[in-house]
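Everything below concerns the one structure shown next.
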Amino acid sequence: MSFLIAHRGHSSKAPENTMAAFESAVDAGFTWIETDADMLGDGTVVLVHDASFRRTGRTSARVSTSTSEDLPGIDVGRWFSARYANSRVPTLANLVDLMNQTGLSANVELKLSDPTPERIDDYIDTLIRGLKRLDPESLRNRVIISSFNHRLLAALHLAAPQLRLGCLFERSRFAPLKRHSVWRNAAWATGAEFIHPHHRELTRKIVTLIRAEGFGVNTWTVNNPRRAARLARWGVGGICTDGPKGMTPQDAPSSLRSDGSTPLRRTSGGSATDDDPGNSSRTAKLSN
C-alpha cells in the first residue's frame, strides 16, 4: 500500500505552503503533507519554496534578509484567489502546532537560501529545536526530512541521527542503474532511509532495485491516478501530489489509501527491514 503526500499542502485547492493548504489537506483526508523550510535573517524557520517572496507574496524581498517583523506585511494567498487574501507565511512552529493538534505527518524539505556556514549551523539547530516540540515517537515516525542539498542532509544527520532522511534527486541526475550510482552514494553519505526521485525516472526494475538495497522509495509530483496506481504496484511508498480530483485519500485508487505509515525501519545491527506484511522483507548493509 502506498500513501499520498499533499504537495506544499493541498496546493490544488489552497495557496501552497500556507496554513490554509495544510488544513485543507487534513480536511481532504491526507495524513501526510510536504512543505519547504527556509530561514529568515533573524533565525526564524519559515515554510516557503522560493528564495524570495516575489512569486507568492508579490514582493521582491528575499527570505534570508527578511525578519519575522516583515511577515504580517506579506500576503501569500491573494495570488491564488481573493478567497485566500491576507494569508501569511507560516513558521515551522505553526506547522508543529497543527501536527500536535491533528496527528498530521510531514515531509519537510530543506530549502535554505544563501547557505553560508553560519546560516547552515543556525538553520540545523533551529530546525531540530522546532521539531522536538513533537514527542519522540512522533519525531521518528511522523517526520521525513528531504533535500536536493545532500551536504545539508549529511550535516543534519550528524546533528540529529534519529531523524529519517530522504535524498531528493532532480530529473536526469539520478543515474539509477550504474554501479556507482548517484543515488546510492548520496544515500550512504547522508544516512538516508528513503530515495526521492521524480516519478518519471522510475520503472518497476528501478523501484525493485532500490528496495532490494533496503531503502524506501517516495516520489514527486504525481497528479494522474493511473500513473500513481502503477507506481504503487511497483512498490513506491509515498506519492507526492497536488491533490486534484482522483488524487485525494477520499477518491484515489484503493492502493493509495493506506493510513500513511512508513514501515521501513533500520535495525540496530545496521540493516533495514520492511515491516509491511504485504511486501517481502529486505535487508541491506547500511551505515549510520
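Following the order of the C-alpha cells, first chain is A, next is B, and so on, with residues numbered from 1 inside each chain and ligands from 1 in the order they appear.
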Exercise for review: Name the residues in contact with Lys245 of chain A at a cut-off of 10 Å, using only C-alpha atoms, excluding same-chain residues fewer than 2 positions from it; report them as a PyMOL selection string.
Suggested key: chain A and resi 12+223-225+242-243+247-248+250-252
Exercise for review: Based on DSSP run over this structure's backbone, return all residues of segment 120-244 of chain A in strand (DSSP E or B), as JSON, numbers by chain.
Suggested key: {"A": [143, 144, 145, 146, 147, 164, 165, 166, 167, 168, 194, 195, 196, 198, 216, 217, 219, 220, 238, 239, 240, 241]}
Practice item. Might you pull out every residue within 7 Å of segment 49-51 of chain A, with only C-alpha atoms counted and same-chain residues fewer than 2 positions away left off, and present them as a PyMOL selection string? Key: chain A and resi 36+47+53+62-63+111+113
Point to revise | Exercise: segment 81-92 of chain A partners within 9 Å, only C-alpha atoms, chain neighbours under 4 positions left out, as a list of chain:residue names | key: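 Counting only C-alpha atoms, the residues come to A:Ala14, A:Pro15, A:Asn17, A:Thr18, A:Met19, A:Ala20, A:Ala37, A:Thr44, A:Val45, A:Val46, A:Leu47, A:Val48, A:Gly57, A:Leu71, A:Pro72, A:Gly73, A:Ile74, A:Asp75, A:Val76, A:Gly77, A:Val96, A:Asp97, A:Leu127, A:Gly130, A:Leu131.
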Study note, to complete from the structure: Between atom CA of Ile128 of chain A and atom CA of Pro161 of chain A lies a distance of 10.8 Å
Check your understanding: What residues in segment 57-188 of chain A get the DSSP label alpha helix (DSSP H)? Please answer as a PyMOL selection string.
Key -> chain A and resi 57+92-102+117-131+136-141+150-159+182-188
Exercise for review: Tell me which protein, DNA and RNA residues are within 7 Å of segment 151-160 of chain A, counting only C-alpha atoms, leaving out same-chain ones fewer than 6 positions away, and put them as number ranges by chain.
Suggested key: A: 124, 189-191
Check your understanding: For the atom pair atom CA of Val108 of chain A and atom CA of Ala192 of chain A, what is the interatomic distance in Å to one decimal place?
Key ->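 For atom CA of Val108 of chain A relative to atom CA of Ala192 of chain A, the distance reads 13.9 Å.
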Revision key, fill the gap. Of A:Leu163, A:Val26, A:Ile239, A:Ala212, the one sitting nearest Pro197 of chain A when using only C-alpha atoms is A:Ile239
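Nearest to Val217 of chain A of all the residues A:Thr116, A:Ser2, A:Thr65, A:Thr126 is A:Ser2, based on only C-alpha atoms.
Interatomic distance, atom CA of Phe30 of chain A against atom CA of Val236 of chain A: 17.2 Å.
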Review point. With only C-alpha atoms as the basis for distance, which of A:Ser255, A:Ile5, A:His150, A:Leu40 is at the shortest distance from Ser68 of chain A?
Key: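 The closest residue to Ser68 of chain A is A:Leu40.
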